[in-house]
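The file model.cif contains mmCIF, N, CA and C atoms:
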```cif
data_model
#
loop_
_atom_site.label_atom_id
_atom_site.label_comp_id
_atom_site.auth_asym_id
_atom_site.auth_seq_id
_atom_site.Cartn_x
_atom_site.Cartn_y
_atom_site.Cartn_z
N MET O 1 -8.05 -19.86 11.42
CA MET O 1 -7.43 -18.88 10.55
C MET O 1 -7.31 -17.55 11.29
N SER O 2 -6.18 -16.92 11.19
CA SER O 2 -5.93 -15.65 11.87
C SER O 2 -6.61 -14.50 11.13
N ARG O 3 -6.93 -13.50 11.89
CA ARG O 3 -7.55 -12.30 11.30
C ARG O 3 -6.52 -11.52 10.50
N ARG O 4 -6.90 -11.06 9.33
CA ARG O 4 -6.01 -10.28 8.46
C ARG O 4 -5.98 -8.82 8.90
N ILE O 5 -4.89 -8.15 8.61
CA ILE O 5 -4.68 -6.76 8.99
C ILE O 5 -4.65 -5.95 7.71
N PRO O 6 -5.47 -4.90 7.60
CA PRO O 6 -5.44 -4.10 6.37
C PRO O 6 -4.12 -3.34 6.23
N LEU O 7 -3.63 -3.28 5.02
CA LEU O 7 -2.35 -2.65 4.73
C LEU O 7 -2.29 -1.20 5.18
N HIS O 8 -3.42 -0.50 5.19
CA HIS O 8 -3.40 0.91 5.58
C HIS O 8 -2.95 1.13 7.01
N ARG O 9 -2.93 0.09 7.83
CA ARG O 9 -2.41 0.22 9.20
C ARG O 9 -0.91 0.48 9.20
N LEU O 10 -0.20 0.01 8.16
CA LEU O 10 1.26 0.13 8.13
C LEU O 10 1.80 0.99 6.99
N ALA O 11 0.92 1.50 6.13
CA ALA O 11 1.44 2.24 4.96
C ALA O 11 0.46 3.31 4.48
N PHE O 12 1.04 4.26 3.76
CA PHE O 12 0.30 5.27 3.00
C PHE O 12 0.42 4.88 1.53
N ALA O 13 -0.42 5.45 0.68
CA ALA O 13 -0.29 5.17 -0.76
C ALA O 13 -0.68 6.40 -1.57
N ARG O 14 -0.10 6.48 -2.76
CA ARG O 14 -0.42 7.52 -3.73
C ARG O 14 -0.55 6.84 -5.09
N ALA O 15 -1.36 7.42 -5.95
CA ALA O 15 -1.57 6.83 -7.27
C ALA O 15 -1.35 7.87 -8.36
N GLY O 16 -0.92 7.39 -9.50
CA GLY O 16 -0.78 8.21 -10.68
C GLY O 16 -1.10 7.35 -11.89
N ASP O 17 -1.17 7.97 -13.04
CA ASP O 17 -1.47 7.19 -14.23
C ASP O 17 -0.86 7.85 -15.47
N LYS O 18 -0.70 7.06 -16.47
CA LYS O 18 -0.26 7.53 -17.78
C LYS O 18 -0.83 6.55 -18.79
N GLY O 19 -1.78 7.00 -19.59
CA GLY O 19 -2.41 6.10 -20.54
C GLY O 19 -3.17 5.00 -19.83
N ASN O 20 -2.84 3.77 -20.13
CA ASN O 20 -3.52 2.61 -19.56
C ASN O 20 -2.70 1.97 -18.43
N ARG O 21 -1.79 2.73 -17.87
CA ARG O 21 -0.87 2.22 -16.85
C ARG O 21 -1.07 3.00 -15.54
N ALA O 22 -1.19 2.28 -14.44
CA ALA O 22 -1.31 2.90 -13.12
C ALA O 22 0.00 2.75 -12.37
N ASN O 23 0.33 3.77 -11.63
CA ASN O 23 1.54 3.79 -10.81
C ASN O 23 1.08 3.97 -9.36
N LEU O 24 1.41 3.01 -8.50
CA LEU O 24 0.99 3.06 -7.11
C LEU O 24 2.22 3.08 -6.21
N ALA O 25 2.36 4.15 -5.45
CA ALA O 25 3.46 4.26 -4.49
C ALA O 25 2.94 3.82 -3.13
N LEU O 26 3.69 2.99 -2.46
CA LEU O 26 3.35 2.49 -1.13
C LEU O 26 4.47 2.90 -0.19
N ILE O 27 4.14 3.68 0.84
CA ILE O 27 5.15 4.24 1.74
C ILE O 27 4.88 3.74 3.15
N CYS O 28 5.89 3.14 3.76
CA CYS O 28 5.74 2.59 5.11
C CYS O 28 5.57 3.71 6.14
N ARG O 29 4.69 3.49 7.10
CA ARG O 29 4.49 4.45 8.18
C ARG O 29 5.67 4.45 9.15
N VAL O 30 6.29 3.29 9.34
CA VAL O 30 7.48 3.16 10.19
C VAL O 30 8.49 2.29 9.46
N PRO O 31 9.79 2.54 9.66
CA PRO O 31 10.82 1.73 8.97
C PRO O 31 10.69 0.24 9.25
N GLU O 32 10.22 -0.11 10.43
CA GLU O 32 10.10 -1.53 10.80
C GLU O 32 9.10 -2.28 9.94
N ALA O 33 8.23 -1.57 9.24
CA ALA O 33 7.23 -2.22 8.40
C ALA O 33 7.80 -2.68 7.05
N TYR O 34 8.93 -2.13 6.66
CA TYR O 34 9.45 -2.39 5.31
C TYR O 34 9.65 -3.88 5.02
N ALA O 35 10.32 -4.59 5.90
CA ALA O 35 10.60 -6.01 5.65
C ALA O 35 9.31 -6.82 5.58
N ALA O 36 8.37 -6.50 6.47
CA ALA O 36 7.10 -7.23 6.48
C ALA O 36 6.34 -7.01 5.18
N LEU O 37 6.33 -5.77 4.71
CA LEU O 37 5.61 -5.48 3.47
C LEU O 37 6.34 -6.06 2.26
N ALA O 38 7.66 -6.02 2.30
CA ALA O 38 8.44 -6.61 1.20
C ALA O 38 8.11 -8.10 1.04
N GLU O 39 7.89 -8.76 2.16
CA GLU O 39 7.61 -10.19 2.14
C GLU O 39 6.19 -10.49 1.64
N GLN O 40 5.23 -9.68 2.03
CA GLN O 40 3.84 -10.01 1.72
C GLN O 40 3.24 -9.28 0.53
N VAL O 41 3.65 -8.04 0.30
CA VAL O 41 3.05 -7.25 -0.78
C VAL O 41 3.94 -7.38 -2.03
N THR O 42 3.90 -8.55 -2.61
CA THR O 42 4.71 -8.86 -3.79
C THR O 42 3.96 -8.43 -5.06
N ALA O 43 4.66 -8.42 -6.17
CA ALA O 43 4.02 -8.10 -7.45
C ALA O 43 2.92 -9.11 -7.75
N GLU O 44 3.17 -10.37 -7.44
CA GLU O 44 2.17 -11.42 -7.68
C GLU O 44 0.94 -11.22 -6.80
N ALA O 45 1.15 -10.88 -5.54
CA ALA O 45 0.03 -10.67 -4.62
C ALA O 45 -0.78 -9.44 -5.04
N VAL O 46 -0.11 -8.39 -5.49
CA VAL O 46 -0.81 -7.19 -5.94
C VAL O 46 -1.60 -7.51 -7.22
N ALA O 47 -1.03 -8.28 -8.12
CA ALA O 47 -1.75 -8.69 -9.33
C ALA O 47 -3.02 -9.45 -8.97
N ALA O 48 -2.92 -10.33 -8.00
CA ALA O 48 -4.10 -11.09 -7.55
C ALA O 48 -5.12 -10.17 -6.89
N HIS O 49 -4.65 -9.19 -6.13
CA HIS O 49 -5.54 -8.25 -5.45
C HIS O 49 -6.31 -7.40 -6.46
N PHE O 50 -5.70 -7.11 -7.60
CA PHE O 50 -6.32 -6.31 -8.65
C PHE O 50 -6.84 -7.17 -9.80
N ALA O 51 -7.08 -8.44 -9.55
CA ALA O 51 -7.48 -9.38 -10.62
C ALA O 51 -8.71 -8.91 -11.38
N ALA O 52 -9.65 -8.26 -10.72
CA ALA O 52 -10.86 -7.80 -11.38
C ALA O 52 -10.57 -6.75 -12.45
N ARG O 53 -9.45 -6.06 -12.32
CA ARG O 53 -9.06 -5.04 -13.31
C ARG O 53 -8.18 -5.65 -14.41
N ARG O 54 -7.83 -6.91 -14.27
CA ARG O 54 -7.08 -7.67 -15.27
C ARG O 54 -5.76 -7.03 -15.70
N PRO O 55 -4.86 -6.77 -14.77
CA PRO O 55 -3.56 -6.22 -15.19
C PRO O 55 -2.81 -7.24 -16.04
N SER O 56 -2.19 -6.76 -17.13
CA SER O 56 -1.40 -7.67 -17.96
C SER O 56 -0.02 -7.91 -17.36
N ARG O 57 0.41 -6.95 -16.51
CA ARG O 57 1.72 -7.09 -15.88
C ARG O 57 1.74 -6.18 -14.66
N VAL O 58 2.38 -6.66 -13.59
CA VAL O 58 2.61 -5.85 -12.38
C VAL O 58 4.09 -5.96 -12.04
N VAL O 59 4.73 -4.82 -11.88
CA VAL O 59 6.15 -4.78 -11.53
C VAL O 59 6.28 -4.00 -10.22
N ARG O 60 7.06 -4.53 -9.30
CA ARG O 60 7.34 -3.83 -8.05
C ARG O 60 8.77 -3.33 -8.06
N TYR O 61 8.94 -2.06 -7.73
CA TYR O 61 10.27 -1.47 -7.57
C TYR O 61 10.47 -1.20 -6.09
N ASP O 62 11.55 -1.74 -5.55
CA ASP O 62 11.85 -1.57 -4.12
C ASP O 62 12.68 -0.31 -3.90
N LEU O 63 12.29 0.47 -2.91
CA LEU O 63 12.99 1.70 -2.54
C LEU O 63 13.31 1.65 -1.05
N PRO O 64 14.23 0.78 -0.64
CA PRO O 64 14.47 0.55 0.78
C PRO O 64 14.95 1.78 1.54
N HIS O 65 15.72 2.65 0.91
CA HIS O 65 16.21 3.84 1.63
C HIS O 65 15.10 4.85 1.89
N LEU O 66 14.01 4.72 1.15
CA LEU O 66 12.85 5.58 1.37
C LEU O 66 11.76 4.87 2.17
N GLY O 67 11.96 3.58 2.42
CA GLY O 67 10.93 2.80 3.10
C GLY O 67 9.67 2.72 2.25
N ALA O 68 9.85 2.49 0.96
CA ALA O 68 8.72 2.54 0.04
C ALA O 68 8.86 1.53 -1.10
N PHE O 69 7.76 1.35 -1.80
CA PHE O 69 7.70 0.49 -2.98
C PHE O 69 6.93 1.25 -4.05
N ASN O 70 7.23 0.96 -5.30
CA ASN O 70 6.47 1.53 -6.41
C ASN O 70 5.97 0.37 -7.25
N PHE O 71 4.67 0.32 -7.47
CA PHE O 71 4.06 -0.72 -8.29
C PHE O 71 3.56 -0.09 -9.58
N VAL O 72 3.88 -0.74 -10.69
CA VAL O 72 3.39 -0.31 -11.99
C VAL O 72 2.49 -1.42 -12.50
N LEU O 73 1.22 -1.07 -12.75
CA LEU O 73 0.22 -2.02 -13.23
C LEU O 73 -0.17 -1.64 -14.65
N ASP O 74 0.08 -2.55 -15.59
CA ASP O 74 -0.23 -2.29 -16.99
C ASP O 74 -1.65 -2.76 -17.33
N ASP O 75 -2.30 -1.98 -18.17
CA ASP O 75 -3.61 -2.32 -18.74
C ASP O 75 -4.70 -2.46 -17.68
N VAL O 76 -4.74 -1.55 -16.73
CA VAL O 76 -5.76 -1.61 -15.67
C VAL O 76 -6.76 -0.45 -15.73
N LEU O 77 -6.62 0.43 -16.71
CA LEU O 77 -7.46 1.63 -16.74
C LEU O 77 -8.44 1.64 -17.92
N ASP O 78 -8.82 0.47 -18.39
CA ASP O 78 -9.78 0.35 -19.48
C ASP O 78 -9.42 1.22 -20.68
N GLY O 79 -8.14 1.27 -20.99
CA GLY O 79 -7.67 2.02 -22.15
C GLY O 79 -7.18 3.42 -21.82
N GLY O 80 -7.36 3.87 -20.60
CA GLY O 80 -6.92 5.20 -20.20
C GLY O 80 -8.07 6.18 -20.15
N VAL O 81 -7.77 7.38 -19.67
CA VAL O 81 -8.81 8.37 -19.41
C VAL O 81 -9.61 8.74 -20.66
N ASN O 82 -8.98 8.79 -21.80
CA ASN O 82 -9.70 9.19 -23.03
C ASN O 82 -10.51 8.06 -23.64
N ALA O 83 -10.23 6.82 -23.27
CA ALA O 83 -10.92 5.69 -23.86
C ALA O 83 -11.93 5.04 -22.92
N SER O 84 -11.80 5.27 -21.62
CA SER O 84 -12.61 4.55 -20.64
C SER O 84 -13.94 5.25 -20.38
N LEU O 85 -14.96 4.45 -20.16
CA LEU O 85 -16.25 4.96 -19.71
C LEU O 85 -16.38 4.84 -18.19
N GLY O 86 -15.32 4.33 -17.55
CA GLY O 86 -15.32 4.17 -16.10
C GLY O 86 -15.34 5.51 -15.38
N LEU O 87 -15.87 5.51 -14.18
CA LEU O 87 -15.93 6.73 -13.37
C LEU O 87 -14.55 7.20 -12.96
N ASP O 88 -13.61 6.28 -12.84
CA ASP O 88 -12.26 6.64 -12.42
C ASP O 88 -11.27 6.29 -13.52
N GLY O 89 -11.39 6.93 -14.64
CA GLY O 89 -10.50 6.66 -15.77
C GLY O 89 -9.05 6.97 -15.47
N HIS O 90 -8.80 7.82 -14.49
CA HIS O 90 -7.43 8.16 -14.11
C HIS O 90 -6.81 7.14 -13.17
N GLY O 91 -7.60 6.33 -12.51
CA GLY O 91 -7.06 5.34 -11.58
C GLY O 91 -6.62 5.91 -10.26
N LYS O 92 -7.05 7.12 -9.92
CA LYS O 92 -6.61 7.75 -8.66
C LYS O 92 -7.05 6.98 -7.43
N THR O 93 -8.17 6.32 -7.50
CA THR O 93 -8.66 5.61 -6.32
C THR O 93 -8.03 4.22 -6.14
N LEU O 94 -7.20 3.82 -7.09
CA LEU O 94 -6.57 2.49 -6.95
C LEU O 94 -5.66 2.41 -5.73
N SER O 95 -5.15 3.55 -5.27
CA SER O 95 -4.31 3.53 -4.07
C SER O 95 -5.13 3.07 -2.86
N PHE O 96 -6.41 3.46 -2.83
CA PHE O 96 -7.27 3.02 -1.73
C PHE O 96 -7.55 1.53 -1.81
N GLN O 97 -7.67 1.02 -3.01
CA GLN O 97 -7.85 -0.42 -3.17
C GLN O 97 -6.61 -1.17 -2.69
N LEU O 98 -5.44 -0.64 -3.01
CA LEU O 98 -4.20 -1.27 -2.54
C LEU O 98 -4.13 -1.26 -1.02
N LEU O 99 -4.54 -0.17 -0.38
CA LEU O 99 -4.47 -0.06 1.08
C LEU O 99 -5.43 -1.01 1.79
N ASP O 100 -6.35 -1.60 1.05
CA ASP O 100 -7.26 -2.60 1.61
C ASP O 100 -6.66 -4.01 1.53
N PHE O 101 -5.46 -4.13 0.98
CA PHE O 101 -4.77 -5.41 0.85
C PHE O 101 -4.67 -6.07 2.23
N PRO O 102 -5.04 -7.35 2.34
CA PRO O 102 -5.01 -8.01 3.65
C PRO O 102 -3.63 -8.61 3.98
N LEU O 103 -3.05 -8.14 5.06
CA LEU O 103 -1.77 -8.68 5.52
C LEU O 103 -2.00 -9.82 6.51
N ALA O 104 -1.20 -10.86 6.38
CA ALA O 104 -1.22 -11.92 7.39
C ALA O 104 -0.53 -11.39 8.64
N PRO O 105 -1.04 -11.72 9.82
CA PRO O 105 -0.45 -11.20 11.06
C PRO O 105 0.85 -11.93 11.44
N SER O 106 1.87 -11.78 10.62
CA SER O 106 3.16 -12.42 10.86
C SER O 106 3.86 -11.73 12.04
N THR O 107 4.95 -12.30 12.47
CA THR O 107 5.74 -11.71 13.55
C THR O 107 6.22 -10.32 13.14
N ALA O 108 6.66 -10.16 11.90
CA ALA O 108 7.17 -8.87 11.43
C ALA O 108 6.06 -7.82 11.37
N VAL O 109 4.87 -8.20 10.93
CA VAL O 109 3.74 -7.27 10.88
C VAL O 109 3.34 -6.86 12.30
N THR O 110 3.27 -7.82 13.19
CA THR O 110 2.90 -7.53 14.58
C THR O 110 3.92 -6.61 15.23
N ALA O 111 5.20 -6.83 14.97
CA ALA O 111 6.26 -5.98 15.54
C ALA O 111 6.17 -4.56 14.98
N ALA O 112 5.92 -4.44 13.69
CA ALA O 112 5.79 -3.10 13.08
C ALA O 112 4.58 -2.37 13.64
N LEU O 113 3.47 -3.07 13.85
CA LEU O 113 2.29 -2.45 14.46
C LEU O 113 2.58 -1.99 15.87
N ALA O 114 3.34 -2.79 16.63
CA ALA O 114 3.69 -2.41 18.00
C ALA O 114 4.55 -1.15 17.99
N THR O 115 5.49 -1.07 17.07
CA THR O 115 6.33 0.13 16.95
C THR O 115 5.48 1.34 16.64
N LEU O 116 4.57 1.19 15.69
CA LEU O 116 3.69 2.29 15.31
C LEU O 116 2.81 2.71 16.49
N ASP O 117 2.27 1.75 17.20
CA ASP O 117 1.42 2.05 18.36
C ASP O 117 2.20 2.78 19.44
N ASN O 118 3.45 2.39 19.65
CA ASN O 118 4.28 3.04 20.67
C ASN O 118 4.61 4.48 20.28
N GLN O 119 4.74 4.74 18.98
CA GLN O 119 5.06 6.09 18.51
C GLN O 119 3.86 7.02 18.54
N THR O 120 2.67 6.45 18.49
CA THR O 120 1.49 7.30 18.39
C THR O 120 0.66 7.36 19.67
N GLU O 121 1.22 6.86 20.76
CA GLU O 121 0.49 6.96 22.03
C GLU O 121 0.36 8.42 22.41
N PRO O 122 -0.82 8.82 22.86
CA PRO O 122 -0.98 10.22 23.27
C PRO O 122 -0.12 10.54 24.48
N THR O 123 0.46 11.70 24.47
CA THR O 123 1.29 12.11 25.60
C THR O 123 0.44 12.90 26.57
N GLN O 124 0.75 12.76 27.83
CA GLN O 124 0.05 13.49 28.88
C GLN O 124 0.73 14.83 29.08
N PRO O 125 -0.05 15.89 29.19
CA PRO O 125 0.59 17.20 29.45
C PRO O 125 1.25 17.20 30.81
N GLU O 126 2.37 17.88 30.88
CA GLU O 126 3.07 17.97 32.15
C GLU O 126 2.34 18.93 33.08
N GLU O 127 2.34 18.57 34.34
CA GLU O 127 1.71 19.46 35.32
C GLU O 127 2.64 20.61 35.63
N THR O 128 2.05 21.78 35.74
CA THR O 128 2.84 22.95 36.11
C THR O 128 2.61 23.26 37.57
N PRO O 129 3.68 23.59 38.29
CA PRO O 129 3.50 23.85 39.72
C PRO O 129 2.79 25.17 39.99
#
```
Re-express the file's structure as structure tokens.
Amino acid sequence: MSRRIPLHRLAFARAGDKGNRANLALICRVPEAYAALAEQVTAEAVAAHFAARRPSRVVRYDLPHLGAFNFVLDDVLDGGVNASLGLDGHGKTLSFQLLDFPLAPSTAVTAALATLDNQTEPTQPEETP
């Protein structure tokens, strides 16, 4: 079995909430990651990843021109901030849980990681005469 790659290597995330609904934005670090994430980070896979929170529904909205996805998870906040006894009644930390999603090391994921690595290599200062 191949080693899984955490989603945070290829994406950023933000979270919001309204009542008992969480909104998770997933933004690709490089455009090359979009297709790989579209294939693996499906609404069904996200629902399974958050199974312990028992979402009644997960919807993914694709934003290809932004290189991003928006996930809406219903009924994951124990009734919302006013009803929950949970420490995170707002669901703000759910973005971190999403970023721990394990990606399979597919060809597309590996290529996106290579692109990211090439963009973030440290540059050497130029020598001055």
Handout entry: Those of segment 21-105 of chain O in DSSP alpha helix (DSSP H), formatted as a PyMOL selection string
Key = chain O and resi 33-40+43-49+94-99
For the structure shown, which residues end up in the PyMOL selection byres (((chain O and resi 69-77 and name CA) around 6) and name CA)? Put them as a short mmCIF file (atom, residue, chain, number, x, y, z; two decimals) with N, CA and C atoms, in the frame of the given file, please?
```cif
data_model
loop_
_atom_site.label_atom_id
_atom_site.label_comp_id
_atom_site.auth_asym_id
_atom_site.auth_seq_id
_atom_site.Cartn_x
_atom_site.Cartn_y
_atom_site.Cartn_z
N ASN O 20 -2.84 3.77 -20.13
CA ASN O 20 -3.52 2.61 -19.56
C ASN O 20 -2.70 1.97 -18.43
N ARG O 21 -1.79 2.73 -17.87
CA ARG O 21 -0.87 2.22 -16.85
C ARG O 21 -1.07 3.00 -15.54
N ALA O 22 -1.19 2.28 -14.44
CA ALA O 22 -1.31 2.90 -13.12
C ALA O 22 0.00 2.75 -12.37
N ASN O 23 0.33 3.77 -11.63
CA ASN O 23 1.54 3.79 -10.81
C ASN O 23 1.08 3.97 -9.36
N LEU O 24 1.41 3.01 -8.50
CA LEU O 24 0.99 3.06 -7.11
C LEU O 24 2.22 3.08 -6.21
N ALA O 25 2.36 4.15 -5.45
CA ALA O 25 3.46 4.26 -4.49
C ALA O 25 2.94 3.82 -3.13
N LEU O 26 3.69 2.99 -2.46
CA LEU O 26 3.35 2.49 -1.13
C LEU O 26 4.47 2.90 -0.19
N ARG O 53 -9.45 -6.06 -12.32
CA ARG O 53 -9.06 -5.04 -13.31
C ARG O 53 -8.18 -5.65 -14.41
N PRO O 55 -4.86 -6.77 -14.77
CA PRO O 55 -3.56 -6.22 -15.19
C PRO O 55 -2.81 -7.24 -16.04
N SER O 56 -2.19 -6.76 -17.13
CA SER O 56 -1.40 -7.67 -17.96
C SER O 56 -0.02 -7.91 -17.36
N ARG O 57 0.41 -6.95 -16.51
CA ARG O 57 1.72 -7.09 -15.88
C ARG O 57 1.74 -6.18 -14.66
N VAL O 58 2.38 -6.66 -13.59
CA VAL O 58 2.61 -5.85 -12.38
C VAL O 58 4.09 -5.96 -12.04
N VAL O 59 4.73 -4.82 -11.88
CA VAL O 59 6.15 -4.78 -11.53
C VAL O 59 6.28 -4.00 -10.22
N ARG O 60 7.06 -4.53 -9.30
CA ARG O 60 7.34 -3.83 -8.05
C ARG O 60 8.77 -3.33 -8.06
N TYR O 61 8.94 -2.06 -7.73
CA TYR O 61 10.27 -1.47 -7.57
C TYR O 61 10.47 -1.20 -6.09
N ASP O 62 11.55 -1.74 -5.55
CA ASP O 62 11.85 -1.57 -4.12
C ASP O 62 12.68 -0.31 -3.90
N LEU O 63 12.29 0.47 -2.91
CA LEU O 63 12.99 1.70 -2.54
C LEU O 63 13.31 1.65 -1.05
N ALA O 68 9.85 2.49 0.96
CA ALA O 68 8.72 2.54 0.04
C ALA O 68 8.86 1.53 -1.10
N ASP O 78 -8.82 0.47 -18.39
CA ASP O 78 -9.78 0.35 -19.48
C ASP O 78 -9.42 1.22 -20.68
N GLY O 79 -8.14 1.27 -20.99
CA GLY O 79 -7.67 2.02 -22.15
C GLY O 79 -7.18 3.42 -21.82
N GLY O 80 -7.36 3.87 -20.60
CA GLY O 80 -6.92 5.20 -20.20
C GLY O 80 -8.07 6.18 -20.15
N GLY O 89 -11.39 6.93 -14.64
CA GLY O 89 -10.50 6.66 -15.77
C GLY O 89 -9.05 6.97 -15.47
#
```
Handout entry: Shortest interatomic distance to Arg4 of chain O - which of O:Gln97, O:Lys18, O:His65, O:Leu103, counting only N, CA and C atoms
Key =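 Ranked by minimum distance to Arg4 of chain O, first place goes to O:Leu103.
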Handout entry: Between atom C of Leu7 of chain O and atom C of Ala52 of chain O, distance in Å (one decimal)
Key =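 For atom C of Leu7 of chain O relative to atom C of Ala52 of chain O, the distance reads 20.3 Å.
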Practice task
Would you translate the PyMOL selection byres ((chain O and resi 33) around 7) into the concrete set of residues it matches in this file, as a list in words?
Solution key: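 Those residues are Leu10, Cys28, Arg29, Val30, Pro31, Glu32, Tyr34, Ala35, Ala36, Leu37, Ala38, Ala108, Val109, Ala111, Ala112 and Leu113 of chain O.
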May I have the selected residues written with N, CA and C atoms, as a short mmCIF file (atom, residue, chain, number, x, y, z; two decimals), in the coordinates of the input?
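Below is the file that was written, out.cif:
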```cif
data_model
loop_
_atom_site.label_atom_id
_atom_site.label_comp_id
_atom_site.auth_asym_id
_atom_site.auth_seq_id
_atom_site.Cartn_x
_atom_site.Cartn_y
_atom_site.Cartn_z
N LEU O 10 -0.20 0.01 8.16
CA LEU O 10 1.26 0.13 8.13
C LEU O 10 1.80 0.99 6.99
N CYS O 28 5.89 3.14 3.76
CA CYS O 28 5.74 2.59 5.11
C CYS O 28 5.57 3.71 6.14
N ARG O 29 4.69 3.49 7.10
CA ARG O 29 4.49 4.45 8.18
C ARG O 29 5.67 4.45 9.15
N VAL O 30 6.29 3.29 9.34
CA VAL O 30 7.48 3.16 10.19
C VAL O 30 8.49 2.29 9.46
N PRO O 31 9.79 2.54 9.66
CA PRO O 31 10.82 1.73 8.97
C PRO O 31 10.69 0.24 9.25
N GLU O 32 10.22 -0.11 10.43
CA GLU O 32 10.10 -1.53 10.80
C GLU O 32 9.10 -2.28 9.94
N TYR O 34 8.93 -2.13 6.66
CA TYR O 34 9.45 -2.39 5.31
C TYR O 34 9.65 -3.88 5.02
N ALA O 35 10.32 -4.59 5.90
CA ALA O 35 10.60 -6.01 5.65
C ALA O 35 9.31 -6.82 5.58
N ALA O 36 8.37 -6.50 6.47
CA ALA O 36 7.10 -7.23 6.48
C ALA O 36 6.34 -7.01 5.18
N LEU O 37 6.33 -5.77 4.71
CA LEU O 37 5.61 -5.48 3.47
C LEU O 37 6.34 -6.06 2.26
N ALA O 38 7.66 -6.02 2.30
CA ALA O 38 8.44 -6.61 1.20
C ALA O 38 8.11 -8.10 1.04
N ALA O 108 6.66 -10.16 11.90
CA ALA O 108 7.17 -8.87 11.43
C ALA O 108 6.06 -7.82 11.37
N VAL O 109 4.87 -8.20 10.93
CA VAL O 109 3.74 -7.27 10.88
C VAL O 109 3.34 -6.86 12.30
N ALA O 111 5.20 -6.83 14.97
CA ALA O 111 6.26 -5.98 15.54
C ALA O 111 6.17 -4.56 14.98
N ALA O 112 5.92 -4.44 13.69
CA ALA O 112 5.79 -3.10 13.08
C ALA O 112 4.58 -2.37 13.64
N LEU O 113 3.47 -3.07 13.85
CA LEU O 113 2.29 -2.45 14.46
C LEU O 113 2.58 -1.99 15.87
#
```
Handout entry: Separation of atom C of Pro64 of chain O from atom C of Asp117 of chain O in Å
Key =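 Atom-to-atom, atom C of Asp117 of chain O and atom C of Pro64 of chain O are spaced 22.0 Å apart.
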Problem - Two-atom distance - atom C of Ala47 of chain O, atom C of Pro102 of chain O (Å) - result: 13.0 Å
Exercise for the section: Check the smallest atom-to-atom distance from each of O:Leu66, O:Ala51, O:Ile27, O:Val46 to Phe101 of chain O using only C-alpha atoms, then report the winner. Expected result: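 The shortest atom-to-atom distance to Phe101 of chain O comes from O:Val46.
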Can I get segment 100-104 of chain O with all heavy atoms filled in, as a PDB file, keeping the file's coordinate frame?
```pdb
ATOM      1  N   ASP O 100      -6.350  -1.600   1.050  1.00  0.00           N
ATOM      2  CA  ASP O 100      -7.260  -2.600   1.610  1.00  0.00           C
ATOM      3  C   ASP O 100      -6.660  -4.010   1.530  1.00  0.00           C
ATOM      4  O   ASP O 100      -7.267  -4.977   1.966  1.00  0.00           O
ATOM      5  CB  ASP O 100      -8.593  -2.549   0.867  1.00  0.00           C
ATOM      6  CG  ASP O 100      -9.691  -3.251   1.614  1.00  0.00           C
ATOM      7  OD1 ASP O 100      -9.766  -3.094   2.847  1.00  0.00           O
ATOM      8  OD2 ASP O 100     -10.482  -3.969   0.962  1.00  0.00           O
ATOM      9  N   PHE O 101      -5.460  -4.130   0.980  1.00  0.00           N
ATOM     10  CA  PHE O 101      -4.770  -5.410   0.850  1.00  0.00           C
ATOM     11  C   PHE O 101      -4.670  -6.070   2.230  1.00  0.00           C
ATOM     12  O   PHE O 101      -4.247  -5.443   3.194  1.00  0.00           O
ATOM     13  CB  PHE O 101      -3.363  -5.163   0.282  1.00  0.00           C
ATOM     14  CG  PHE O 101      -2.558  -6.403   0.044  1.00  0.00           C
ATOM     15  CD1 PHE O 101      -2.552  -7.009  -1.204  1.00  0.00           C
ATOM     16  CD2 PHE O 101      -1.791  -6.965   1.049  1.00  0.00           C
ATOM     17  CE1 PHE O 101      -1.788  -8.148  -1.436  1.00  0.00           C
ATOM     18  CE2 PHE O 101      -1.029  -8.099   0.826  1.00  0.00           C
ATOM     19  CZ  PHE O 101      -1.031  -8.703  -0.424  1.00  0.00           C
ATOM     20  N   PRO O 102      -5.040  -7.350   2.340  1.00  0.00           N
ATOM     21  CA  PRO O 102      -5.010  -8.010   3.650  1.00  0.00           C
ATOM     22  C   PRO O 102      -3.630  -8.610   3.980  1.00  0.00           C
ATOM     23  O   PRO O 102      -3.127  -9.448   3.255  1.00  0.00           O
ATOM     24  CB  PRO O 102      -6.054  -9.114   3.499  1.00  0.00           C
ATOM     25  CG  PRO O 102      -6.027  -9.447   2.038  1.00  0.00           C
ATOM     26  CD  PRO O 102      -5.675  -8.170   1.313  1.00  0.00           C
ATOM     27  N   LEU O 103      -3.050  -8.140   5.060  1.00  0.00           N
ATOM     28  CA  LEU O 103      -1.770  -8.680   5.520  1.00  0.00           C
ATOM     29  C   LEU O 103      -2.000  -9.820   6.510  1.00  0.00           C
ATOM     30  O   LEU O 103      -2.880  -9.733   7.365  1.00  0.00           O
ATOM     31  CB  LEU O 103      -0.957  -7.595   6.229  1.00  0.00           C
ATOM     32  CG  LEU O 103      -0.510  -6.411   5.397  1.00  0.00           C
ATOM     33  CD1 LEU O 103       0.065  -5.331   6.301  1.00  0.00           C
ATOM     34  CD2 LEU O 103       0.507  -6.839   4.356  1.00  0.00           C
ATOM     35  N   ALA O 104      -1.200 -10.860   6.380  1.00  0.00           N
ATOM     36  CA  ALA O 104      -1.220 -11.920   7.390  1.00  0.00           C
ATOM     37  C   ALA O 104      -0.530 -11.390   8.640  1.00  0.00           C
ATOM     38  O   ALA O 104       0.464 -10.671   8.549  1.00  0.00           O
ATOM     39  CB  ALA O 104      -0.498 -13.160   6.857  1.00  0.00           C
TER      40      ALA O 104
END
```
